[in-house]
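Below is one structure, written out as structure tokens; comments come after it.
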Amino acid sequence: MAHFDYETQGTCARVISFDMDDDHVVTNVKFFGGCDGNLKMISKLVEGMRGEEIVAKCSGNLCRNKGTSCADQLARGVKKALEG
């Protein structure tokens, strides 16, 4: 099991923390900063998902005119972790 802290860009959340095992299963997702209720729900929804599925489902999800979102940033962080 490896732990990752991803520093976001362009969102209210500043850091996304998560664990990923050798089978790419993601657990313990935590957002620091941002919309507490929404981010807790994203964390619950992706708990136990494989990283590839998180990237596929969350990439390109945009918040207002920011060009990204917290879900999109999670996808970017997980993708970076997958690439090693």
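Please note that chains go A, B, ... in the order of the structure tokens, that every chain numbers its residues from 1, and that ligands are numbered from 1 in the order shown.
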
Could you pull out the residues in stretch 17-69 of chain A that DSSP calls strand (DSSP E) from the backbone, as an MDAnalysis selection string?
chainID A and resid 17:20 26:32

Give me, as a Markdown table, the closest atom pair and its distance (Å, one decimal) for every residue of stretch 12-31 of chain A within a cut-off of 7 Å of stretch 42-54 of chain A, counting only C-alpha atoms, rows sorted by chain and rising number.
```
| residue | atom | partner | partner_atom | distance |
| --- | --- | --- | --- | --- |
| A:His24 | CA | A:Arg50 | CA | 5.2 |
| A:Val25 | CA | A:Arg50 | CA | 4.2 |
| A:Val26 | CA | A:Gly48 | CA | 5.4 |
| A:Thr27 | CA | A:Glu47 | CA | 5.1 |
| A:Asn28 | CA | A:Glu47 | CA | 6.9 |
| A:Val29 | CA | A:Ser43 | CA | 5.3 |
| A:Lys30 | CA | A:Ser43 | CA | 6.6 |
```

Serialized selection, C-alpha atoms, as a compact mmCIF listing (two decimals), in the first residue's frame:
```txt
# COMPACT_ATOMS: atom_id res chain seq x y z
CA HIS A 24 -4.58 -0.01 -7.95
CA VAL A 25 -7.46 0.00 -5.45
CA VAL A 26 -7.83 3.49 -3.95
CA THR A 27 -8.83 4.02 -0.31
CA ASN A 28 -8.75 6.72 2.38
CA VAL A 29 -9.39 9.65 0.02
CA LYS A 30 -9.32 12.98 1.85
```

Skipping near chain neighbours, those fewer than 6 positions away, what residues fall within 9 Å of A:Ile16 using only C-alpha atoms, listed as a VMD selection string?
chain A and resid 4 to 8 29 to 32 70 73 to 74 77

10 Å contact set for A:Asp72, only C-alpha atoms, chain neighbours under 3 positions out, as a list in words
Thr8, Thr11, Ile54, Val55, Ala56, Lys57, Cys58, Ser59, Gly60, Asn61, Leu62, Cys63, Gly67, Thr68, Ser69, Ala75, Arg76, Gly77 and Val78 of chain A

Alpha helix (DSSP H) per DSSP on the backbone: members of chain A, as number ranges by chain:
A: 36-46, 51-58, 70-83

Requested write-out: N, CA and C atoms of the selected residues, as an mmCIF file, in the first residue's frame:
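Listed below is the output, selection07.cif:
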```cif
data_model
loop_
_atom_site.group_PDB
_atom_site.id
_atom_site.type_symbol
_atom_site.label_atom_id
_atom_site.label_comp_id
_atom_site.auth_asym_id
_atom_site.auth_seq_id
_atom_site.Cartn_x
_atom_site.Cartn_y
_atom_site.Cartn_z
ATOM 1 N N ASP A 36 -16.797 20.973 1.801
ATOM 2 C CA ASP A 36 -16.708 19.815 2.680
ATOM 3 C C ASP A 36 -17.703 18.706 2.342
ATOM 4 N N GLY A 37 -18.982 19.039 2.232
ATOM 5 C CA GLY A 37 -20.001 18.018 1.987
ATOM 6 C C GLY A 37 -19.816 17.318 0.655
ATOM 7 N N ASN A 38 -19.591 18.074 -0.399
ATOM 8 C CA ASN A 38 -19.399 17.483 -1.729
ATOM 9 C C ASN A 38 -18.152 16.605 -1.772
ATOM 10 N N LEU A 39 -17.096 17.055 -1.144
ATOM 11 C CA LEU A 39 -15.845 16.306 -1.202
ATOM 12 C C LEU A 39 -15.905 15.038 -0.355
ATOM 13 N N LYS A 40 -16.642 15.084 0.745
ATOM 14 C CA LYS A 40 -16.844 13.857 1.520
ATOM 15 C C LYS A 40 -17.605 12.833 0.683
ATOM 16 N N MET A 41 -18.585 13.295 -0.101
ATOM 17 C CA MET A 41 -19.348 12.383 -0.947
ATOM 18 C C MET A 41 -18.477 11.791 -2.047
ATOM 19 N N ILE A 42 -17.645 12.604 -2.689
ATOM 20 C CA ILE A 42 -16.730 12.076 -3.704
ATOM 21 C C ILE A 42 -15.851 10.999 -3.077
ATOM 22 N N SER A 43 -15.327 11.262 -1.882
ATOM 23 C CA SER A 43 -14.475 10.294 -1.194
ATOM 24 C C SER A 43 -15.211 8.979 -0.967
ATOM 25 N N LYS A 44 -16.469 9.049 -0.540
ATOM 26 C CA LYS A 44 -17.262 7.834 -0.311
ATOM 27 C C LYS A 44 -17.523 7.090 -1.619
ATOM 28 N N LEU A 45 -17.818 7.830 -2.685
ATOM 29 C CA LEU A 45 -18.138 7.196 -3.964
ATOM 30 C C LEU A 45 -16.957 6.460 -4.582
ATOM 31 N N VAL A 46 -15.754 6.983 -4.401
ATOM 32 C CA VAL A 46 -14.588 6.350 -5.031
ATOM 33 C C VAL A 46 -13.893 5.338 -4.125
ATOM 34 N N GLY A 51 -7.967 2.644 -9.528
ATOM 35 C CA GLY A 51 -7.518 3.943 -10.002
ATOM 36 C C GLY A 51 -7.924 4.238 -11.428
ATOM 37 N N GLU A 52 -7.843 3.237 -12.288
ATOM 38 C CA GLU A 52 -8.201 3.428 -13.696
ATOM 39 C C GLU A 52 -9.669 3.852 -13.841
ATOM 40 N N GLU A 53 -10.537 3.306 -13.005
ATOM 41 C CA GLU A 53 -11.956 3.654 -13.050
ATOM 42 C C GLU A 53 -12.184 5.087 -12.562
ATOM 43 N N ILE A 54 -11.462 5.475 -11.520
ATOM 44 C CA ILE A 54 -11.559 6.854 -11.025
ATOM 45 C C ILE A 54 -11.138 7.827 -12.111
ATOM 46 N N VAL A 55 -10.036 7.543 -12.787
ATOM 47 C CA VAL A 55 -9.555 8.415 -13.865
ATOM 48 C C VAL A 55 -10.603 8.505 -14.967
ATOM 49 N N ALA A 56 -11.174 7.371 -15.363
ATOM 50 C CA ALA A 56 -12.169 7.355 -16.441
ATOM 51 C C ALA A 56 -13.428 8.133 -16.068
ATOM 52 N N LYS A 57 -13.884 8.017 -14.843
ATOM 53 C CA LYS A 57 -15.144 8.644 -14.438
ATOM 54 C C LYS A 57 -15.001 10.110 -14.038
ATOM 55 N N CYS A 58 -13.863 10.496 -13.505
ATOM 56 C CA CYS A 58 -13.726 11.845 -12.938
ATOM 57 C C CYS A 58 -12.981 12.825 -13.833
ATOM 58 N N CYS A 70 -12.558 19.582 -8.355
ATOM 59 C CA CYS A 70 -11.934 18.703 -7.361
ATOM 60 C C CYS A 70 -11.940 17.247 -7.842
ATOM 61 N N ALA A 71 -13.027 16.828 -8.493
ATOM 62 C CA ALA A 71 -13.081 15.462 -9.030
ATOM 63 C C ALA A 71 -12.039 15.283 -10.133
ATOM 64 N N ASP A 72 -11.908 16.277 -11.001
ATOM 65 C CA ASP A 72 -10.906 16.230 -12.064
ATOM 66 C C ASP A 72 -9.499 16.206 -11.473
ATOM 67 N N GLN A 73 -9.277 16.978 -10.421
ATOM 68 C CA GLN A 73 -7.965 16.978 -9.764
ATOM 69 C C GLN A 73 -7.680 15.627 -9.116
ATOM 70 N N LEU A 74 -8.706 14.991 -8.546
ATOM 71 C CA LEU A 74 -8.524 13.643 -8.013
ATOM 72 C C LEU A 74 -8.085 12.709 -9.131
ATOM 73 N N ALA A 75 -8.745 12.787 -10.278
ATOM 74 C CA ALA A 75 -8.367 11.943 -11.419
ATOM 75 C C ALA A 75 -6.916 12.191 -11.820
ATOM 76 N N ARG A 76 -6.510 13.443 -11.843
ATOM 77 C CA ARG A 76 -5.123 13.767 -12.210
ATOM 78 C C ARG A 76 -4.132 13.209 -11.191
ATOM 79 N N GLY A 77 -4.481 13.325 -9.909
ATOM 80 C CA GLY A 77 -3.607 12.791 -8.869
ATOM 81 C C GLY A 77 -3.489 11.277 -8.936
ATOM 82 N N VAL A 78 -4.606 10.612 -9.162
ATOM 83 C CA VAL A 78 -4.592 9.147 -9.275
ATOM 84 C C VAL A 78 -3.821 8.718 -10.522
ATOM 85 N N LYS A 79 -4.023 9.432 -11.628
ATOM 86 C CA LYS A 79 -3.290 9.120 -12.852
ATOM 87 C C LYS A 79 -1.786 9.251 -12.639
ATOM 88 N N LYS A 80 -1.384 10.293 -11.958
ATOM 89 C CA LYS A 80 0.043 10.492 -11.659
ATOM 90 C C LYS A 80 0.568 9.330 -10.795
ATOM 91 N N ALA A 81 -0.229 8.906 -9.827
ATOM 92 C CA ALA A 81 0.178 7.776 -8.973
ATOM 93 C C ALA A 81 0.286 6.495 -9.791
ATOM 94 N N LEU A 82 -0.627 6.292 -10.724
ATOM 95 C CA LEU A 82 -0.592 5.095 -11.572
ATOM 96 C C LEU A 82 0.645 5.074 -12.470
ATOM 97 N N GLU A 83 1.048 6.248 -12.916
ATOM 98 C CA GLU A 83 2.204 6.350 -13.805
ATOM 99 C C GLU A 83 3.510 6.159 -13.047
#
```

Residue with smallest distance to A:Gly34 - pool A:Gln9, A:Met1, A:Gly84, A:Arg14, counting only C-alpha atoms
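Distance minimum relative to A:Gly34 lands on A:Arg14.
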